[in-house]
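File shown: target-v7.pdb. Contents: PDB, C-alpha atoms, pLDDT in the B column.
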ATOM      1  CA  MET A   1       0.000   0.000   0.000  1.00 55.00           C
ATOM      2  CA  GLU A   2       1.377   3.383  -0.966  1.00 55.00           C
ATOM      3  CA  TRP A   3       0.824   6.240   1.455  1.00 55.00           C
ATOM      4  CA  SER A   4       2.113   9.769   1.899  1.00 60.00           C
ATOM      5  CA  SER A   5       0.609  10.654   5.270  1.00 61.00           C
ATOM      6  CA  VAL A   6       0.106   8.686   8.467  1.00 63.00           C
ATOM      7  CA  ASP A   7      -3.498   9.923   8.405  1.00 66.00           C
ATOM      8  CA  GLN A   8      -4.103   7.729   5.351  1.00 67.00           C
ATOM      9  CA  LEU A   9      -3.465   4.563   7.365  1.00 71.00           C
ATOM     10  CA  ASP A  10      -6.079   2.764   9.422  1.00 68.00           C
ATOM     11  CA  PRO A  11      -4.645   2.671  12.975  1.00 69.00           C
ATOM     12  CA  GLU A  12      -6.423  -0.640  13.535  1.00 72.00           C
ATOM     13  CA  GLN A  13      -4.472  -2.164  10.640  1.00 77.00           C
ATOM     14  CA  HIS A  14      -1.100  -0.373  10.763  1.00 77.00           C
ATOM     15  CA  VAL A  15       1.458   0.885  13.254  1.00 83.00           C
ATOM     16  CA  VAL A  16       3.984   3.488  12.150  1.00 79.00           C
ATOM     17  CA  LEU A  17       7.369   3.319  13.817  1.00 85.00           C
ATOM     18  CA  PRO A  18       9.230   6.611  13.817  1.00 82.00           C
ATOM     19  CA  ARG A  19      12.082   6.803  11.313  1.00 80.00           C
ATOM     20  CA  LEU A  20      14.950   8.908  12.522  1.00 72.00           C
ATOM     21  CA  GLU A  21      16.302  11.376  10.011  1.00 63.00           C
ATOM     22  CA  LEU A  22      19.745  10.018  10.818  1.00 59.00           C
ATOM     23  CA  HIS A  23      21.776   7.127   9.465  1.00 62.00           C
ATOM     24  CA  LEU A  24      23.679   4.290  11.088  1.00 66.00           C
ATOM     25  CA  ALA A  25      27.215   3.966   9.796  1.00 66.00           C
ATOM     26  CA  ALA A  26      28.214   0.530   8.608  1.00 66.00           C
ATOM     27  CA  GLY A  27      31.684   1.053   7.272  1.00 60.00           C
ATOM     28  CA  SER A  28      33.528   4.009   5.863  1.00 48.00           C
ATOM     29  CA  ALA A  29      30.350   5.939   5.095  1.00 46.00           C
ATOM     30  CA  ASN A  30      29.685   8.410   7.865  1.00 46.00           C
ATOM     31  CA  GLY A  31      26.513   8.062   9.851  1.00 47.00           C
ATOM     32  CA  ASP A  32      24.928  10.790  11.894  1.00 45.00           C
ATOM     33  CA  ARG A  33      24.888  11.320  15.621  1.00 41.00           C
ATOM     34  CA  VAL A  34      21.778  10.082  17.376  1.00 43.00           C
ATOM     35  CA  ALA A  35      20.320  12.798  19.564  1.00 40.00           C
ATOM     36  CA  ASP A  36      19.825  11.837  23.201  1.00 39.00           C
ATOM     37  CA  GLU A  37      16.108  12.409  22.767  1.00 37.00           C
ATOM     38  CA  PRO A  38      15.458  12.232  19.036  1.00 40.00           C
ATOM     39  CA  GLN A  39      12.867  14.779  18.020  1.00 38.00           C
ATOM     40  CA  ARG A  40      13.324  14.784  14.246  1.00 38.00           C
ATOM     41  CA  TYR A  41      11.290  12.098  12.532  1.00 41.00           C
ATOM     42  CA  ALA A  42      10.753  11.491   8.885  1.00 46.00           C
ATOM     43  CA  LEU A  43       7.538   9.948   7.624  1.00 66.00           C
ATOM     44  CA  GLY A  44       8.066   6.684   9.475  1.00 79.00           C
ATOM     45  CA  GLN A  45       7.909   3.043   8.554  1.00 82.00           C
ATOM     46  CA  ALA A  46       4.534   1.315   8.598  1.00 84.00           C
ATOM     47  CA  PHE A  47       4.014  -2.279   9.679  1.00 87.00           C
ATOM     48  CA  ARG A  48       0.876  -4.359   9.976  1.00 87.00           C
ATOM     49  CA  ALA A  49      -0.561  -3.936  13.472  1.00 89.00           C
ATOM     50  CA  ASP A  50      -0.823  -7.703  14.063  1.00 91.00           C
ATOM     51  CA  TYR A  51       2.879  -8.137  13.156  1.00 93.00           C
ATOM     52  CA  VAL A  52       3.931  -5.351  15.547  1.00 91.00           C
ATOM     53  CA  LYS A  53       1.800  -6.847  18.324  1.00 92.00           C
ATOM     54  CA  ARG A  54       3.243 -10.364  17.803  1.00 94.00           C
ATOM     55  CA  ARG A  55       6.773  -8.966  17.931  1.00 94.00           C
ATOM     56  CA  GLY A  56       6.068  -6.859  21.030  1.00 94.00           C
ATOM     57  CA  TRP A  57       7.165  -3.653  19.329  1.00 94.00           C
ATOM     58  CA  SER A  58       6.023  -0.159  20.225  1.00 91.00           C
ATOM     59  CA  PRO A  59       6.542   3.251  18.639  1.00 89.00           C
ATOM     60  CA  HIS A  60       7.829   4.292  22.079  1.00 90.00           C
ATOM     61  CA  THR A  61      10.693   1.765  22.136  1.00 93.00           C
ATOM     62  CA  HIS A  62      11.331   1.002  18.468  1.00 94.00           C
ATOM     63  CA  PHE A  63      12.440   3.191  15.589  1.00 91.00           C
ATOM     64  CA  SER A  64      13.863   2.662  12.145  1.00 90.00           C
ATOM     65  CA  MET A  65      17.008   4.087  10.593  1.00 88.00           C
ATOM     66  CA  HIS A  66      18.769   3.732   7.269  1.00 88.00           C
ATOM     67  CA  VAL A  67      22.182   2.061   7.084  1.00 91.00           C
ATOM     68  CA  LYS A  68      25.041   3.674   5.157  1.00 90.00           C
ATOM     69  CA  GLY A  69      28.116   1.625   4.283  1.00 91.00           C
ATOM     70  CA  ALA A  70      29.202  -1.940   3.622  1.00 92.00           C
ATOM     71  CA  SER A  71      30.701  -3.145   6.908  1.00 93.00           C
ATOM     72  CA  MET A  72      27.695  -5.308   7.789  1.00 95.00           C
ATOM     73  CA  GLU A  73      27.313  -6.854   4.323  1.00 95.00           C
ATOM     74  CA  PRO A  74      26.202  -9.416   3.368  1.00 94.00           C
ATOM     75  CA  THR A  75      23.871  -9.508   6.390  1.00 95.00           C
ATOM     76  CA  VAL A  76      22.780  -5.863   6.275  1.00 95.00           C
ATOM     77  CA  PRO A  77      23.329  -4.162   2.918  1.00 94.00           C
ATOM     78  CA  ASP A  78      24.016  -0.483   2.353  1.00 92.00           C
ATOM     79  CA  GLY A  79      20.694   1.360   2.186  1.00 90.00           C
ATOM     80  CA  ALA A  80      18.746  -1.138   4.272  1.00 92.00           C
ATOM     81  CA  SER A  81      16.242   0.072   6.819  1.00 91.00           C
ATOM     82  CA  VAL A  82      16.787  -1.398  10.286  1.00 94.00           C
ATOM     83  CA  VAL A  83      14.397  -1.405  13.250  1.00 95.00           C
ATOM     84  CA  ILE A  84      16.185  -0.731  16.539  1.00 95.00           C
ATOM     85  CA  ASP A  85      14.741  -1.730  19.931  1.00 96.00           C
ATOM     86  CA  VAL A  86      16.036   0.846  22.419  1.00 93.00           C
ATOM     87  CA  SER A  87      14.584  -1.128  25.339  1.00 95.00           C
ATOM     88  CA  ASP A  88      17.026  -3.994  24.596  1.00 96.00           C
ATOM     89  CA  ARG A  89      20.510  -2.720  25.441  1.00 94.00           C
ATOM     90  CA  VAL A  90      21.942  -5.690  27.322  1.00 94.00           C
ATOM     91  CA  VAL A  91      24.556  -7.289  25.072  1.00 94.00           C
ATOM     92  CA  ARG A  92      23.900 -10.891  24.117  1.00 96.00           C
ATOM     93  CA  SER A  93      26.750 -12.409  22.158  1.00 96.00           C
ATOM     94  CA  GLY A  94      26.354 -12.658  18.429  1.00 97.00           C
ATOM     95  CA  LEU A  95      23.475 -10.216  18.014  1.00 98.00           C
ATOM     96  CA  ILE A  96      23.532  -6.952  16.051  1.00 98.00           C
ATOM     97  CA  TYR A  97      23.256  -3.624  17.863  1.00 96.00           C
ATOM     98  CA  ALA A  98      23.291   0.071  17.128  1.00 94.00           C
ATOM     99  CA  VAL A  99      26.220   1.420  19.147  1.00 92.00           C
ATOM    100  CA  ARG A 100      28.143   4.611  19.664  1.00 88.00           C
ATOM    101  CA  ILE A 101      31.845   3.937  20.127  1.00 83.00           C
ATOM    102  CA  ASP A 102      32.491   7.292  21.776  1.00 78.00           C
ATOM    103  CA  ALA A 103      30.436  10.372  22.508  1.00 74.00           C
ATOM    104  CA  THR A 104      31.599  12.209  19.393  1.00 73.00           C
ATOM    105  CA  ALA A 105      31.338   9.315  16.922  1.00 76.00           C
ATOM    106  CA  GLU A 106      28.463   8.519  14.620  1.00 81.00           C
ATOM    107  CA  PRO A 107      26.248   5.600  15.622  1.00 87.00           C
ATOM    108  CA  GLN A 108      27.262   2.310  14.050  1.00 90.00           C
ATOM    109  CA  LEU A 109      25.603  -1.015  13.380  1.00 94.00           C
ATOM    110  CA  LYS A 110      27.814  -3.862  14.646  1.00 95.00           C
ATOM    111  CA  ARG A 111      27.721  -7.442  15.872  1.00 97.00           C
ATOM    112  CA  LEU A 112      28.708  -7.613  19.549  1.00 97.00           C
ATOM    113  CA  HIS A 113      30.199 -10.448  21.590  1.00 97.00           C
ATOM    114  CA  LYS A 114      30.593 -10.499  25.379  1.00 94.00           C
ATOM    115  CA  LEU A 115      34.013 -11.697  26.490  1.00 93.00           C
ATOM    116  CA  PRO A 116      35.370 -12.323  29.993  1.00 92.00           C
ATOM    117  CA  GLY A 117      36.390  -9.299  32.048  1.00 88.00           C
ATOM    118  CA  GLY A 118      33.678  -6.961  30.775  1.00 87.00           C
ATOM    119  CA  VAL A 119      35.205  -6.875  27.305  1.00 92.00           C
ATOM    120  CA  ILE A 120      32.953  -6.457  24.298  1.00 94.00           C
ATOM    121  CA  ARG A 121      34.206  -7.504  20.883  1.00 95.00           C
ATOM    122  CA  VAL A 122      32.807  -5.246  18.160  1.00 95.00           C
ATOM    123  CA  GLU A 123      32.664  -6.936  14.754  1.00 96.00           C
ATOM    124  CA  SER A 124      31.557  -6.235  11.220  1.00 95.00           C
ATOM    125  CA  ASP A 125      30.039  -9.050   9.178  1.00 96.00           C
ATOM    126  CA  ASN A 126      32.093  -7.924   6.173  1.00 95.00           C
ATOM    127  CA  ARG A 127      35.452  -9.670   6.639  1.00 93.00           C
ATOM    128  CA  SER A 128      37.416  -7.160   4.554  1.00 94.00           C
ATOM    129  CA  PRO A 129      40.526  -5.936   6.467  1.00 93.00           C
ATOM    130  CA  GLN A 130      39.215  -2.370   6.431  1.00 93.00           C
ATOM    131  CA  PHE A 131      36.427  -3.497   8.774  1.00 93.00           C
ATOM    132  CA  ALA A 132      38.651  -5.128  11.397  1.00 93.00           C
ATOM    133  CA  ALA A 133      37.090  -6.121  14.711  1.00 94.00           C
ATOM    134  CA  PHE A 134      38.123  -4.369  17.910  1.00 91.00           C
ATOM    135  CA  GLU A 135      37.457  -4.703  21.601  1.00 92.00           C
ATOM    136  CA  VAL A 136      36.268  -2.294  24.261  1.00 89.00           C
ATOM    137  CA  ILE A 137      35.998  -2.654  27.998  1.00 87.00           C
ATOM    138  CA  ALA A 138      32.430  -1.499  28.401  1.00 71.00           C
ATOM    139  CA  ASP A 139      32.818  -0.003  31.888  1.00 72.00           C
ATOM    140  CA  GLU A 140      36.020   1.826  30.966  1.00 71.00           C
ATOM    141  CA  ALA A 141      35.297   2.914  27.401  1.00 71.00           C
ATOM    142  CA  ALA A 142      34.453   6.596  27.589  1.00 74.00           C
ATOM    143  CA  GLY A 143      31.339   7.247  25.590  1.00 79.00           C
ATOM    144  CA  PHE A 144      30.742   3.638  24.498  1.00 86.00           C
ATOM    145  CA  GLU A 145      26.992   3.163  24.378  1.00 89.00           C
ATOM    146  CA  VAL A 146      24.646   0.441  23.217  1.00 92.00           C
ATOM    147  CA  ILE A 147      21.738   2.344  21.675  1.00 92.00           C
ATOM    148  CA  GLY A 148      19.594  -0.734  21.095  1.00 95.00           C
ATOM    149  CA  ARG A 149      19.343  -4.107  19.371  1.00 97.00           C
ATOM    150  CA  ALA A 150      18.562  -4.456  15.688  1.00 97.00           C
ATOM    151  CA  VAL A 151      15.408  -6.568  15.419  1.00 97.00           C
ATOM    152  CA  ASN A 152      14.332  -6.213  11.799  1.00 95.00           C
ATOM    153  CA  MET A 153      15.725  -5.277   8.408  1.00 95.00           C
ATOM    154  CA  THR A 154      14.053  -4.198   5.194  1.00 91.00           C
ATOM    155  CA  SER A 155      16.106  -4.029   2.033  1.00 88.00           C
ATOM    156  CA  ASP A 156      15.720  -3.838  -1.715  1.00 83.00           C
ATOM    157  CA  LEU A 157      16.879  -6.811  -3.768  1.00 79.00           C
TER     158      LEU A 157
END
Spit out the file's structure as structure tokens when you get a sec.
Amino acid sequence: MEWSSVDQLDPEQHVVLPRLELHLAAGSANGDRVADEPQRYALGQAFRADYVKRRGWSPHTHFSMHVKGASMEPTVPDGASVVIDVSDRVVRSGLIYAVRIDATAEPQLKRLHKLPGGVIRVESDNRSPQFAAFEVIADEAAGFEVIGRAVNMTSDL
């Protein structure tokens, strides 16, 4: 269904998750900083209400963002739209999260792994040397922040 205004959607049939007018970096392409309390939303991304309910999503805890870059390819291609759950910030090894490496860096989409000693391994799915993994000690890394877990991806073929 094509729509140009949220008012055109039946709220019983559709839920619109806010789409931040920012981008997650996934590689050398620069993303944008995520505001502490994002107030700028684009049109949004609509989902069927029954799908949102089954998944336990809410427009208050979930938002979508576009991905720029190739570091998460082939899993998440450049230009994909990713739904982020900001209520799920506890790192579980092997899952993909939106993170900020330091307070001045753009948000990034990365696969995280918990290691002993409070260490978090930050990996790209693209195994090219330019996207080398690195580790941070979560409690000691100034500005390191898990923004939320990626729970859905929409992409063109």
Contact residues around Leu95 of chain A with all atoms listed in the file at 8 Å, ignoring same-chain residues under 2 positions, as an MDAnalysis selection string: chainID A and resid 91:93 97 111:113 149:150
For the residues in that selection, give me C-alpha atoms as a short mmCIF file (atom, residue, chain, number, x, y, z; two decimals), keeping the file's coordinate frame.
data_model
loop_
_atom_site.label_atom_id
_atom_site.label_comp_id
_atom_site.auth_asym_id
_atom_site.auth_seq_id
_atom_site.Cartn_x
_atom_site.Cartn_y
_atom_site.Cartn_z
CA VAL A 91 24.56 -7.29 25.07
CA ARG A 92 23.90 -10.89 24.12
CA SER A 93 26.75 -12.41 22.16
CA TYR A 97 23.26 -3.62 17.86
CA ARG A 111 27.72 -7.44 15.87
CA LEU A 112 28.71 -7.61 19.55
CA HIS A 113 30.20 -10.45 21.59
CA ARG A 149 19.34 -4.11 19.37
CA ALA A 150 18.56 -4.46 15.69
#
Distance of atom CA of Asp125 of chain A from atom CA of Asp78 of chain A, expressed in Å to one decimal place: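 Interatomic distance here is 12.5 Å.
Closest approach to Ser58 of chain A among A:Val136, A:Ala70, A:Ile84, A:Val122: A:Ile84, based on all atoms listed in the file.
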Nearest to Val90 of chain A by atom-to-atom distance, counting all atoms listed in the file, from A:Trp57, A:Lys114, A:Ala103, A:Ser124: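 Smallest distance to Val90 of chain A is found for A:Lys114.
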For Val82 of chain A, the nearest of the candidates A:Val67, A:Val15, A:Val146, A:Leu157, counting only C-alpha atoms: A:Val67
Point-to-point distance in Å for atom CA of Val86 of chain A and atom CA of Ala142 of chain A: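 So the two atoms, atom CA of Ala142 of chain A and atom CA of Val86 of chain A, lie 20.0 Å apart.
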Output of the PyMOL selection byres ((chain A and resi 60) around 12), listed as a PyMOL selection string: chain A and resi 15-19+37-38+56-59+61-64+84-87
Interatomic distance, atom CA of His66 of chain A to atom CA of Glu140 of chain A (Å, one decimal):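 Those two atoms sit 29.4 Å apart.
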Which residue of A:Ile120, A:Ala138, A:Leu9, A:Ala98 approaches Phe47 of chain A most closely, using all atoms listed in the file: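 Of the candidates, the smallest distance to Phe47 of chain A is held by A:Leu9.
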Protein, DNA and RNA residues within 10 Å of (33.8, -5.5, 9.5), all atoms listed in the file, as a list in words: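 Counting all atoms listed in the file, I find these residues within 10 Å of (33.8, -5.5, 9.5): Ala26, Gly27, Ala70, Ser71, Met72, Glu73, Lys110, Arg111, Val122, Glu123, Ser124, Asp125, Asn126, Arg127, Ser128, Pro129, Gln130, Phe131, Ala132, Ala133 and Phe134 of chain A.
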Got a sec to write segment 64-78 of chain A of the block to a file, all heavy atoms, as a PDB file, in the first residue's frame?
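Ended up saving to out.pdb:
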ATOM      1  N   SER A  64      13.094   3.165  13.276  1.00  0.00           N
ATOM      2  CA  SER A  64      13.863   2.662  12.145  1.00  0.00           C
ATOM      3  C   SER A  64      14.873   3.713  11.703  1.00  0.00           C
ATOM      4  O   SER A  64      14.680   4.913  11.924  1.00  0.00           O
ATOM      5  CB  SER A  64      12.949   2.267  10.983  1.00  0.00           C
ATOM      6  OG  SER A  64      12.356   3.394  10.394  1.00  0.00           O
ATOM      7  N   MET A  65      15.952   3.226  11.125  1.00  0.00           N
ATOM      8  CA  MET A  65      17.008   4.087  10.593  1.00  0.00           C
ATOM      9  C   MET A  65      17.548   3.445   9.329  1.00  0.00           C
ATOM     10  O   MET A  65      17.481   2.233   9.170  1.00  0.00           O
ATOM     11  CB  MET A  65      18.148   4.232  11.600  1.00  0.00           C
ATOM     12  CG  MET A  65      17.786   4.953  12.867  1.00  0.00           C
ATOM     13  SD  MET A  65      19.182   5.084  14.021  1.00  0.00           S
ATOM     14  CE  MET A  65      20.098   6.424  13.251  1.00  0.00           C
ATOM     15  N   HIS A  66      18.090   4.252   8.450  1.00  0.00           N
ATOM     16  CA  HIS A  66      18.769   3.732   7.269  1.00  0.00           C
ATOM     17  C   HIS A  66      20.224   3.433   7.597  1.00  0.00           C
ATOM     18  O   HIS A  66      20.828   4.086   8.446  1.00  0.00           O
ATOM     19  CB  HIS A  66      18.715   4.748   6.121  1.00  0.00           C
ATOM     20  CG  HIS A  66      17.413   4.737   5.406  1.00  0.00           C
ATOM     21  ND1 HIS A  66      16.492   5.745   5.528  1.00  0.00           N
ATOM     22  CD2 HIS A  66      16.877   3.825   4.574  1.00  0.00           C
ATOM     23  CE1 HIS A  66      15.441   5.454   4.796  1.00  0.00           C
ATOM     24  NE2 HIS A  66      15.642   4.301   4.207  1.00  0.00           N
ATOM     25  N   VAL A  67      20.778   2.448   6.907  1.00  0.00           N
ATOM     26  CA  VAL A  67      22.182   2.061   7.084  1.00  0.00           C
ATOM     27  C   VAL A  67      22.976   2.593   5.903  1.00  0.00           C
ATOM     28  O   VAL A  67      22.555   2.478   4.757  1.00  0.00           O
ATOM     29  CB  VAL A  67      22.300   0.516   7.167  1.00  0.00           C
ATOM     30  CG1 VAL A  67      23.751   0.084   7.212  1.00  0.00           C
ATOM     31  CG2 VAL A  67      21.547   0.005   8.381  1.00  0.00           C
ATOM     32  N   LYS A  68      24.133   3.189   6.197  1.00  0.00           N
ATOM     33  CA  LYS A  68      25.041   3.674   5.157  1.00  0.00           C
ATOM     34  C   LYS A  68      26.365   2.950   5.305  1.00  0.00           C
ATOM     35  O   LYS A  68      26.961   2.966   6.374  1.00  0.00           O
ATOM     36  CB  LYS A  68      25.271   5.179   5.308  1.00  0.00           C
ATOM     37  CG  LYS A  68      24.070   6.018   4.937  1.00  0.00           C
ATOM     38  CD  LYS A  68      24.192   7.469   5.332  1.00  0.00           C
ATOM     39  CE  LYS A  68      25.402   8.189   4.836  1.00  0.00           C
ATOM     40  NZ  LYS A  68      25.377   9.627   5.178  1.00  0.00           N
ATOM     41  N   GLY A  69      26.824   2.294   4.256  1.00  0.00           N
ATOM     42  CA  GLY A  69      28.116   1.625   4.283  1.00  0.00           C
ATOM     43  C   GLY A  69      27.998   0.126   4.113  1.00  0.00           C
ATOM     44  O   GLY A  69      26.911  -0.434   4.114  1.00  0.00           O
ATOM     45  N   ALA A  70      29.159  -0.514   3.969  1.00  0.00           N
ATOM     46  CA  ALA A  70      29.202  -1.940   3.622  1.00  0.00           C
ATOM     47  C   ALA A  70      29.763  -2.835   4.714  1.00  0.00           C
ATOM     48  O   ALA A  70      29.935  -4.024   4.495  1.00  0.00           O
ATOM     49  CB  ALA A  70      30.029  -2.117   2.341  1.00  0.00           C
ATOM     50  N   SER A  71      30.026  -2.322   5.902  1.00  0.00           N
ATOM     51  CA  SER A  71      30.701  -3.145   6.908  1.00  0.00           C
ATOM     52  C   SER A  71      29.855  -4.307   7.412  1.00  0.00           C
ATOM     53  O   SER A  71      30.392  -5.292   7.901  1.00  0.00           O
ATOM     54  CB  SER A  71      31.172  -2.300   8.092  1.00  0.00           C
ATOM     55  OG  SER A  71      30.098  -1.923   8.914  1.00  0.00           O
ATOM     56  N   MET A  72      28.543  -4.216   7.298  1.00  0.00           N
ATOM     57  CA  MET A  72      27.695  -5.308   7.789  1.00  0.00           C
ATOM     58  C   MET A  72      27.180  -6.197   6.666  1.00  0.00           C
ATOM     59  O   MET A  72      26.350  -7.072   6.883  1.00  0.00           O
ATOM     60  CB  MET A  72      26.534  -4.750   8.618  1.00  0.00           C
ATOM     61  CG  MET A  72      26.975  -4.170   9.956  1.00  0.00           C
ATOM     62  SD  MET A  72      27.903  -5.337  10.988  1.00  0.00           S
ATOM     63  CE  MET A  72      26.616  -6.481  11.436  1.00  0.00           C
ATOM     64  N   GLU A  73      27.680  -5.976   5.440  1.00  0.00           N
ATOM     65  CA  GLU A  73      27.313  -6.854   4.323  1.00  0.00           C
ATOM     66  C   GLU A  73      28.021  -8.181   4.483  1.00  0.00           C
ATOM     67  O   GLU A  73      29.113  -8.229   5.035  1.00  0.00           O
ATOM     68  CB  GLU A  73      27.685  -6.186   2.990  1.00  0.00           C
ATOM     69  CG  GLU A  73      26.781  -5.015   2.687  1.00  0.00           C
ATOM     70  CD  GLU A  73      27.050  -4.374   1.339  1.00  0.00           C
ATOM     71  OE1 GLU A  73      28.037  -4.740   0.670  1.00  0.00           O
ATOM     72  OE2 GLU A  73      26.265  -3.500   0.959  1.00  0.00           O
ATOM     73  N   PRO A  74      27.432  -9.288   4.129  1.00  0.00           N
ATOM     74  CA  PRO A  74      26.202  -9.416   3.368  1.00  0.00           C
ATOM     75  C   PRO A  74      24.933  -9.405   4.218  1.00  0.00           C
ATOM     76  O   PRO A  74      23.832  -9.373   3.683  1.00  0.00           O
ATOM     77  CB  PRO A  74      26.360 -10.761   2.675  1.00  0.00           C
ATOM     78  CG  PRO A  74      27.132 -11.580   3.658  1.00  0.00           C
ATOM     79  CD  PRO A  74      28.081 -10.599   4.310  1.00  0.00           C
ATOM     80  N   THR A  75      25.060  -9.418   5.530  1.00  0.00           N
ATOM     81  CA  THR A  75      23.871  -9.508   6.390  1.00  0.00           C
ATOM     82  C   THR A  75      22.965  -8.293   6.244  1.00  0.00           C
ATOM     83  O   THR A  75      21.760  -8.433   6.055  1.00  0.00           O
ATOM     84  CB  THR A  75      24.283  -9.668   7.869  1.00  0.00           C
ATOM     85  OG1 THR A  75      25.221 -10.742   7.972  1.00  0.00           O
ATOM     86  CG2 THR A  75      23.081  -9.950   8.751  1.00  0.00           C
ATOM     87  N   VAL A  76      23.549  -7.106   6.366  1.00  0.00           N
ATOM     88  CA  VAL A  76      22.780  -5.863   6.275  1.00  0.00           C
ATOM     89  C   VAL A  76      23.409  -5.007   5.174  1.00  0.00           C
ATOM     90  O   VAL A  76      24.479  -4.445   5.361  1.00  0.00           O
ATOM     91  CB  VAL A  76      22.781  -5.089   7.609  1.00  0.00           C
ATOM     92  CG1 VAL A  76      21.924  -3.834   7.498  1.00  0.00           C
ATOM     93  CG2 VAL A  76      22.300  -5.972   8.758  1.00  0.00           C
ATOM     94  N   PRO A  77      22.750  -4.919   4.024  1.00  0.00           N
ATOM     95  CA  PRO A  77      23.329  -4.162   2.918  1.00  0.00           C
ATOM     96  C   PRO A  77      23.204  -2.649   3.086  1.00  0.00           C
ATOM     97  O   PRO A  77      22.325  -2.166   3.816  1.00  0.00           O
ATOM     98  CB  PRO A  77      22.530  -4.640   1.706  1.00  0.00           C
ATOM     99  CG  PRO A  77      21.235  -5.107   2.265  1.00  0.00           C
ATOM    100  CD  PRO A  77      21.521  -5.610   3.654  1.00  0.00           C
ATOM    101  N   ASP A  78      24.077  -1.940   2.411  1.00  0.00           N
ATOM    102  CA  ASP A  78      24.016  -0.483   2.353  1.00  0.00           C
ATOM    103  C   ASP A  78      22.626  -0.069   1.882  1.00  0.00           C
ATOM    104  O   ASP A  78      22.078  -0.641   0.942  1.00  0.00           O
ATOM    105  CB  ASP A  78      25.086   0.019   1.371  1.00  0.00           C
ATOM    106  CG  ASP A  78      25.099   1.525   1.252  1.00  0.00           C
ATOM    107  OD1 ASP A  78      24.896   2.215   2.265  1.00  0.00           O
ATOM    108  OD2 ASP A  78      25.331   2.013   0.135  1.00  0.00           O
TER     109      ASP A  78
END
